[in-house]
Every structure is written in structure tokens, then in C-alpha cells.
file protein.txt (compact mmCIF, C-alpha atoms)
# COMPACT_ATOMS: atom_id res chain seq x y z
CA MET A 1 60.33 -24.26 10.72
CA ALA A 2 62.07 -25.58 13.79
CA ILE A 3 62.66 -23.85 17.12
CA ARG A 4 66.25 -23.21 18.20
CA LYS A 5 67.03 -23.14 21.95
CA LEU A 6 70.06 -21.25 23.19
CA ARG A 7 72.59 -22.63 25.66
CA PRO A 8 71.87 -21.25 29.18
CA MET A 9 75.02 -19.13 29.38
CA THR A 10 73.13 -16.30 31.14
CA PRO A 11 69.84 -16.07 33.08
CA ALA A 12 68.24 -14.48 30.00
CA THR A 13 69.14 -17.34 27.66
CA ARG A 14 68.01 -20.07 30.06
CA PHE A 15 64.42 -19.97 28.70
CA TYR A 16 65.22 -18.22 25.41
CA SER A 17 64.13 -19.80 22.14
CA ILE A 18 63.95 -18.45 18.60
CA SER A 19 62.86 -19.67 15.21
CA ALA A 20 65.59 -21.44 13.25
CA PHE A 21 64.62 -19.54 10.04
CA THR A 22 65.73 -22.51 7.96
CA GLU A 23 62.87 -22.03 5.48
CA LEU A 24 63.93 -18.50 4.48
CA THR A 25 65.60 -18.17 1.09
CA LYS A 26 65.97 -14.37 0.86
CA HIS A 27 66.95 -11.99 3.66
CA GLU A 28 66.51 -8.59 1.99
CA PRO A 29 62.92 -7.45 1.28
CA GLU A 30 61.70 -6.27 -2.14
CA LYS A 31 62.08 -2.48 -1.98
CA ALA A 32 59.14 -1.80 -4.31
CA LEU A 33 56.83 -3.61 -1.90
CA LEU A 34 57.87 -1.70 1.24
CA LYS A 35 56.03 1.16 2.94
CA PRO A 36 56.89 3.18 6.06
CA LEU A 37 55.10 2.12 9.24
CA LYS A 38 54.34 4.77 11.85
CA LYS A 39 53.95 3.69 15.47
CA SER A 40 51.01 4.97 17.51
CA GLY A 41 52.24 4.02 21.00
CA GLY A 42 48.67 2.94 21.73
CA ARG A 43 47.37 6.50 21.29
CA ASN A 44 44.41 7.70 19.23
CA ASN A 45 44.10 10.83 17.07
CA LEU A 46 43.71 12.96 20.22
CA GLY A 47 46.97 11.69 21.70
CA ARG A 48 45.25 9.73 24.46
CA VAL A 49 46.24 6.18 25.39
CA THR A 50 43.41 3.91 24.24
CA SER A 51 45.45 0.67 24.16
CA ARG A 52 47.72 0.29 27.17
CA HIS A 53 51.16 -1.33 27.38
CA ARG A 54 52.26 -0.37 23.88
CA GLY A 55 55.22 1.70 22.77
CA GLY A 56 58.86 1.55 21.71
CA GLY A 57 59.98 -1.50 19.81
CA HIS A 58 62.27 -1.97 16.84
CA LYS A 59 61.69 0.16 13.76
CA ARG A 60 59.90 -1.71 10.95
CA MET A 61 58.92 -1.29 7.32
CA TYR A 62 55.55 -2.62 6.21
CA ARG A 63 55.50 -5.36 3.54
CA VAL A 64 52.53 -4.83 1.19
CA ILE A 65 50.70 -8.18 1.17
CA ASP A 66 48.29 -9.15 -1.63
CA PHE A 67 45.33 -10.45 0.40
CA LEU A 68 42.99 -10.03 -2.60
CA ARG A 69 44.85 -12.29 -5.09
CA GLY A 70 43.27 -10.35 -7.94
CA LYS A 71 45.50 -11.53 -10.84
CA HIS A 72 43.13 -14.27 -12.00
CA GLY A 73 44.21 -16.79 -14.61
CA MET A 74 47.88 -15.79 -14.44
CA GLU A 75 50.33 -18.37 -13.10
CA ALA A 76 53.05 -16.98 -10.83
CA ALA A 77 56.33 -18.52 -9.70
CA VAL A 78 57.43 -18.44 -6.07
CA ALA A 79 60.68 -16.44 -6.11
CA ALA A 80 61.50 -16.47 -2.38
CA ILE A 81 60.26 -17.21 1.14
CA GLU A 82 60.91 -14.24 3.43
CA TYR A 83 60.58 -13.09 7.04
CA ASP A 84 57.98 -10.43 7.89
CA PRO A 85 58.44 -8.53 11.19
CA ASN A 86 54.79 -7.40 11.12
CA ARG A 87 53.19 -10.86 11.36
CA SER A 88 53.80 -14.33 12.76
CA ALA A 89 53.62 -16.09 9.37
CA ARG A 90 56.26 -16.20 6.66
CA ILE A 91 55.59 -14.44 3.35
CA ALA A 92 56.27 -15.60 -0.21
CA LEU A 93 57.44 -13.36 -3.07
CA LEU A 94 55.61 -14.09 -6.32
CA GLN A 95 56.95 -13.31 -9.79
CA TYR A 96 54.28 -12.96 -12.53
CA PRO A 97 54.93 -13.41 -16.28
CA ASP A 98 54.14 -9.72 -16.91
CA GLY A 99 56.99 -8.68 -14.59
CA ALA A 100 54.84 -7.77 -11.59
CA LYS A 101 55.84 -8.92 -8.11
CA SER A 102 53.73 -9.33 -4.99
CA TYR A 103 53.86 -10.78 -1.50
CA ILE A 104 51.38 -13.37 -0.21
CA LEU A 105 51.10 -15.30 3.04
CA ALA A 106 53.24 -18.40 2.59
CA PRO A 107 51.31 -21.67 3.10
CA ASP A 108 53.03 -24.44 5.03
CA GLY A 109 55.22 -26.49 2.66
CA LEU A 110 55.44 -23.94 -0.17
CA LYS A 111 58.79 -24.16 -2.00
CA VAL A 112 60.73 -21.77 -4.21
CA GLY A 113 59.97 -22.47 -7.88
CA SER A 114 56.41 -23.67 -7.25
CA LYS A 115 53.73 -22.40 -9.62
CA ILE A 116 50.55 -20.99 -8.08
CA SER A 117 47.55 -19.13 -9.48
CA SER A 118 44.20 -17.65 -8.52
CA GLY A 119 40.74 -17.50 -10.05
CA PRO A 120 37.69 -19.72 -10.46
CA ASP A 121 39.58 -22.03 -12.87
CA ALA A 122 42.58 -22.59 -10.57
CA GLU A 123 43.32 -26.14 -9.41
CA VAL A 124 42.69 -27.18 -5.80
CA GLN A 125 46.34 -27.25 -4.75
CA MET A 126 48.39 -25.56 -2.04
CA GLY A 127 48.78 -21.81 -2.47
CA ASN A 128 46.05 -21.40 -5.10
CA ALA A 129 43.20 -18.96 -4.37
CA LEU A 130 39.71 -19.77 -5.62
CA PRO A 131 36.06 -19.22 -4.66
CA LEU A 132 34.72 -21.32 -1.79
CA ARG A 133 32.14 -22.88 -4.12
CA ASN A 134 34.98 -24.58 -6.05
CA ILE A 135 36.72 -26.00 -2.96
CA PRO A 136 35.72 -29.55 -1.92
CA ALA A 137 34.44 -30.28 1.59
CA GLY A 138 37.11 -31.25 4.10
CA THR A 139 39.77 -28.97 2.57
CA PHE A 140 41.78 -26.71 4.88
CA VAL A 141 41.99 -23.09 3.71
CA HIS A 142 43.38 -19.78 4.96
CA ASN A 143 43.19 -16.05 4.06
CA VAL A 144 39.40 -16.31 3.75
CA GLU A 145 37.27 -13.36 2.66
CA LEU A 146 34.31 -12.21 4.77
CA THR A 147 33.03 -9.93 2.01
CA PRO A 148 33.52 -10.94 -1.66
CA GLY A 149 36.19 -8.76 -3.31
CA LYS A 150 37.47 -7.21 -0.07
CA GLY A 151 40.47 -9.52 0.40
CA GLY A 152 41.22 -12.22 2.95
CA GLN A 153 40.54 -11.38 6.58
CA LEU A 154 40.34 -14.72 8.42
CA GLY A 155 43.00 -17.40 8.99
CA ARG A 156 46.09 -15.24 8.50
CA SER A 157 48.31 -15.92 11.54
CA ALA A 158 50.95 -18.65 11.82
CA GLY A 159 49.64 -22.21 11.77
CA ASN A 160 45.99 -21.19 11.29
CA SER A 161 43.45 -22.71 8.91
CA LEU A 162 39.69 -23.04 8.41
CA GLN A 163 38.01 -26.24 7.26
CA VAL A 164 35.29 -26.39 4.62
CA MET A 165 32.45 -28.36 6.25
CA ALA A 166 29.38 -28.25 3.99
CA LYS A 167 27.76 -26.54 1.00
CA GLU A 168 24.14 -25.38 0.82
CA GLY A 169 23.28 -23.39 -2.31
CA GLU A 170 24.99 -20.00 -2.15
CA TRP A 171 26.31 -20.59 1.37
CA ILE A 172 29.43 -22.51 2.45
CA THR A 173 29.92 -23.60 6.07
CA LEU A 174 33.44 -23.31 7.51
CA LYS A 175 34.88 -24.35 10.86
CA MET A 176 37.00 -21.57 12.38
CA PRO A 177 40.21 -22.08 14.41
CA SER A 178 38.21 -21.21 17.56
CA GLY A 179 35.78 -24.07 16.91
CA GLU A 180 32.98 -21.75 15.75
CA ILE A 181 31.09 -22.94 12.68
CA ARG A 182 30.01 -20.10 10.39
CA LYS A 183 28.39 -19.55 6.99
CA PHE A 184 30.15 -17.67 4.17
CA ARG A 185 29.06 -16.53 0.73
CA SER A 186 30.10 -19.04 -1.93
CA ASP A 187 31.84 -16.35 -4.01
CA CYS A 188 34.23 -15.45 -1.16
CA TYR A 189 37.82 -16.37 -2.05
CA ALA A 190 40.11 -18.54 0.09
CA THR A 191 43.63 -19.92 -0.33
CA ILE A 192 44.30 -23.65 -0.12
CA GLY A 193 46.52 -24.89 2.73
CA THR A 194 47.57 -23.95 6.25
CA VAL A 195 49.52 -20.80 7.12
CA SER A 196 53.27 -21.38 7.56
CA ASN A 197 55.41 -21.18 10.71
CA ALA A 198 53.17 -23.29 12.96
CA ASP A 199 55.98 -23.47 15.55
CA HIS A 200 55.54 -19.77 16.34
CA GLU A 201 53.34 -20.58 19.35
CA ASN A 202 56.20 -22.58 20.94
CA ILE A 203 58.64 -19.66 21.04
CA SER A 204 59.60 -18.50 24.54
CA LEU A 205 60.69 -14.85 24.75
CA GLY A 206 62.96 -15.68 27.69
CA LYS A 207 63.47 -12.15 29.00
CA ALA A 208 61.59 -8.89 29.50
CA GLY A 209 63.76 -6.96 27.05
CA ARG A 210 62.59 -9.09 24.15
CA SER A 211 59.02 -7.95 24.79
CA ARG A 212 60.24 -4.36 24.57
CA TRP A 213 61.80 -5.09 21.15
CA LEU A 214 58.30 -6.15 20.03
CA GLY A 215 56.77 -2.90 21.30
CA ILE A 216 55.14 -4.44 24.39
CA ARG A 217 55.53 -2.34 27.57
CA PRO A 218 55.34 -3.66 31.15
CA HIS A 219 51.95 -4.61 32.59
CA SER A 220 51.37 -4.03 36.32
CA ARG A 221 48.89 -6.30 38.10
CA GLY A 222 45.81 -4.61 39.53
CA MET A 223 46.34 -6.32 42.91
CA ALA A 224 49.76 -4.65 43.16
CA MET A 225 48.19 -1.16 42.90
CA ASN A 226 46.49 1.13 45.40
CA PRO A 227 42.67 1.36 45.66
CA VAL A 228 42.74 4.77 43.95
CA ASP A 229 44.36 3.20 40.88
CA HIS A 230 42.47 -0.08 40.47
CA PRO A 231 39.31 -1.82 41.81
CA MET A 232 41.46 -4.79 42.87
CA GLY A 233 44.10 -2.64 44.61
CA GLY A 234 44.81 -2.18 48.31
CA GLY A 235 44.54 -4.44 51.31
CA GLU A 236 47.13 -5.69 53.79
CA GLY A 237 49.11 -8.19 51.76
CA ARG A 238 47.38 -10.03 48.95
CA SER A 239 43.63 -9.54 49.14
CA LYS A 240 40.69 -9.56 46.82
CA SER A 241 39.57 -5.99 47.59
CA GLY A 242 39.93 -5.87 51.35
CA GLY A 243 39.79 -9.57 52.14
CA GLY A 244 36.51 -10.47 50.41
CA TRP A 245 36.36 -12.58 47.25
CA GLN A 246 36.01 -10.51 44.10
CA HIS A 247 35.96 -11.14 40.35
CA PRO A 248 39.14 -10.10 38.49
CA GLU A 249 38.27 -6.97 36.56
CA SER A 250 39.71 -4.19 34.47
CA PRO A 251 40.61 -0.74 35.87
CA TRP A 252 37.18 0.41 34.66
CA GLY A 253 35.26 -2.39 36.38
CA LYS A 254 34.61 -4.76 33.46
CA TYR A 255 34.91 -8.41 34.52
CA ALA A 256 37.91 -10.22 33.05
CA LYS A 257 36.68 -13.82 33.21
CA GLY A 258 33.47 -15.10 31.65
CA LEU A 259 31.85 -11.79 30.70
CA LYS A 260 30.54 -11.96 27.14
CA THR A 261 31.46 -8.80 25.26
CA ARG A 262 29.88 -9.62 21.88
CA LYS A 263 26.79 -7.50 21.08
CA ARG A 264 23.59 -9.53 21.45
CA LYS A 265 22.04 -7.88 18.40
CA ASN A 266 25.14 -8.20 16.23
CA SER A 267 24.06 -8.37 12.58
CA SER A 268 26.44 -11.26 11.87
CA ASN A 269 24.72 -13.55 14.42
CA LYS A 270 22.61 -15.02 11.62
CA TYR A 271 25.73 -16.48 9.96
CA ILE A 272 26.89 -18.40 13.05
CA VAL A 273 25.75 -22.02 12.99
CA LYS A 274 27.56 -23.10 16.18
CA ARG A 275 29.33 -20.95 18.76
CA ARG A 276 32.94 -21.46 19.68
CA LYS A 277 33.71 -23.74 22.61
call {"tool": "encode", "arguments": {"input": "protein.txt", "output": "C-alpha cells"}}
result
Amino acid sequence: MAIRKLRPMTPATRFYSISAFTELTKHEPEKALLKPLKKSGGRNNLGRVTSRHRGGGHKRMYRVIDFLRGKHGMEAAVAAIEYDPNRSARIALLQYPDGAKSYILAPDGLKVGSKISSGPDAEVQMGNALPLRNIPAGTFVHNVELTPGKGGQLGRSAGNSLQVMAKEGEWITLKMPSGEIRKFRSDCYATIGTVSNADHENISLGKAGRSRWLGIRPHSRGMAMNPVDHPMGGGEGRSKSGGGWQHPESPWGKYAKGLKTRKRKNSSNKYIVKRRK
């Protein structure tokens, strides 16, 4: 999972880097596990832009990922490690003895031919999914469920993992990638290991056009706008709203630095043991 830097033959390739893709063993996706993916362009069901700077991008097909790992007690073989354009991690194609195939998030170090399984009786080894109550303290896990039976929701992006810290009855304490320490139900499932492609964070896009391939549109700074368009706009030259110092804020006046946006009466507050740093 190395990063490949291009020779600076043009201004665009001077800072351009891409993944080497050396870990991939199959370059055509499994057709039975593909679904069409419709782009929203950042617009809601009324056609209004609710998420700015989105649109365009390369056409993609969605790979159906098995976040639930519901085939308990059945050992599957890893048939291939593949690229997924919809996420930063690599995905692994599993072949079950009954002929079924499924995609899962590939843990770091998973090899073709490895045998993995899920269920309460599975061994504590990389790629196996089992309840948190059966995972020893200190183990790094990913694809962790928030609600038992719903499927993994936490620790799914490249290089991410959560660490099992402590066990108290029906509650398991995990340390999140952000540094937050939180309690989970002991019957929530998690997968052993760290998510693959940890070098993803070191990739440099190198040019504006590559952002457009990803569906990211240009973002104009508020200070470059007029006062009618943004609270931070206007002024002769660079100014924080007419020369006075002002907090950076959104076009609708919400502060961008330091403002806590989490609801104070959020029902999940009772599960947080220690806030993130």
C-alpha cells in the first residue's frame, strides 16, 4: 500500500501522487454485487443545494458491502482484494462454501486465500467478526456496530481502528480514532484488525482537475466575496469585515472555529466516558 510519486514533467505532476495499488489482485468487480449509484449534486428532494461544492465527477457503480457479517459459523475464503471508488479503504471478495459471494472492508494485511469467519465462536484473528464481549482488552477493531444487528457503522475509513479498553458487565468501553472514549453494548459486533490502505491520507491530489474527478467543485473564500454574498466579504483589500477583527464564519453566520455544534441534550451523551481531545 505504497504511494507512487510522478516525475514533475508538468506543473500538474509536480505535487501529484497516487496509490501504487500493489495490493490489488483483481481489477474487474463482481457484477452480482454491483448497483447503480445516482449522484445528487448536493441537492435535496426539492432540488435545492443543501451541500455546497458538490457535482460532476466520474461515473461510479456501488459495491454492495456486507457490514453486518451475518453468515455466522461459516468459514469463507478471501478470493480477491479489490479497489472501491466509493471509499478510501480496499475491499475483499469472500467466497463461501455454499457458493455465495460478498464484499467486506479489507483489514490491513489480509491476503488472498486466507480463511475468515464471523459469529460468537469465531477466533480472535484478523478479519473475523465477533461480539465485543468475546474480544480481549487492548485489541484493535474496525467496522463496529452502534446498534446490535444493524451492521458496522464506526471505524470504516482507510487506516482507522478502535481499541477495546475495558469491560464492565454488559458494557464495553472503546477508544475512538478521535480520542473519545465511549461505551458500547457487549453484543455489538466488530471486526478484528485495522482498515487497509493507511497511506490514503498521504496522497496529494496535485491539481484542481483531480478534485473535479472526485465530484468536488471549487470553493470560493468568503473574504474574496462582496458583503452582499458573505459576512466576511468586502473591504478595501484583505479585511476582516471592514478592518475590524472578526471570527471566521459560514455564509449564514455560524462560527467556523471553536463553536460546538453537538446538541447539549443528545441522548447518546450518557455513553461518552471521555470527550475527544
call {"tool": "residues_around", "arguments": {"input": "protein.txt", "residues": "A:His27", "least_positions_apart": "6", "cutoff": "9 Å", "atoms": "only C-alpha atoms", "output": "VMD selection string"}}
result
chain A and resid 81 to 83
call {"tool": "residues_around", "arguments": {"input": "protein.txt", "residues": "A:Lys270", "least_positions_apart": "5", "cutoff": "10 Å", "atoms": "only C-alpha atoms", "output": "list in words"}}
result
Arg182, Lys183 and Lys265 of chain A
call {"tool": "residues_around", "arguments": {"input": "protein.txt", "residues": "A:Lys277", "least_positions_apart": "4", "cutoff": "10 Å", "atoms": "all atoms listed in the file", "output": "list in words"}}
result
Ser178, Gly179 and Glu180 of chain A
call {"tool": "closest_residue", "arguments": {"input": "protein.txt", "among": "A:Lys31, A:Lys274, A:Arg4, A:His53", "to": "A:Ile216", "atoms": "only C-alpha atoms"}}
result
A:His53
call {"tool": "closest_residue", "arguments": {"input": "protein.txt", "among": "A:Lys150, A:Met126, A:Gly215, A:Asp66", "to": "A:Ser40", "atoms": "all atoms listed in the file"}}
result
A:Gly215
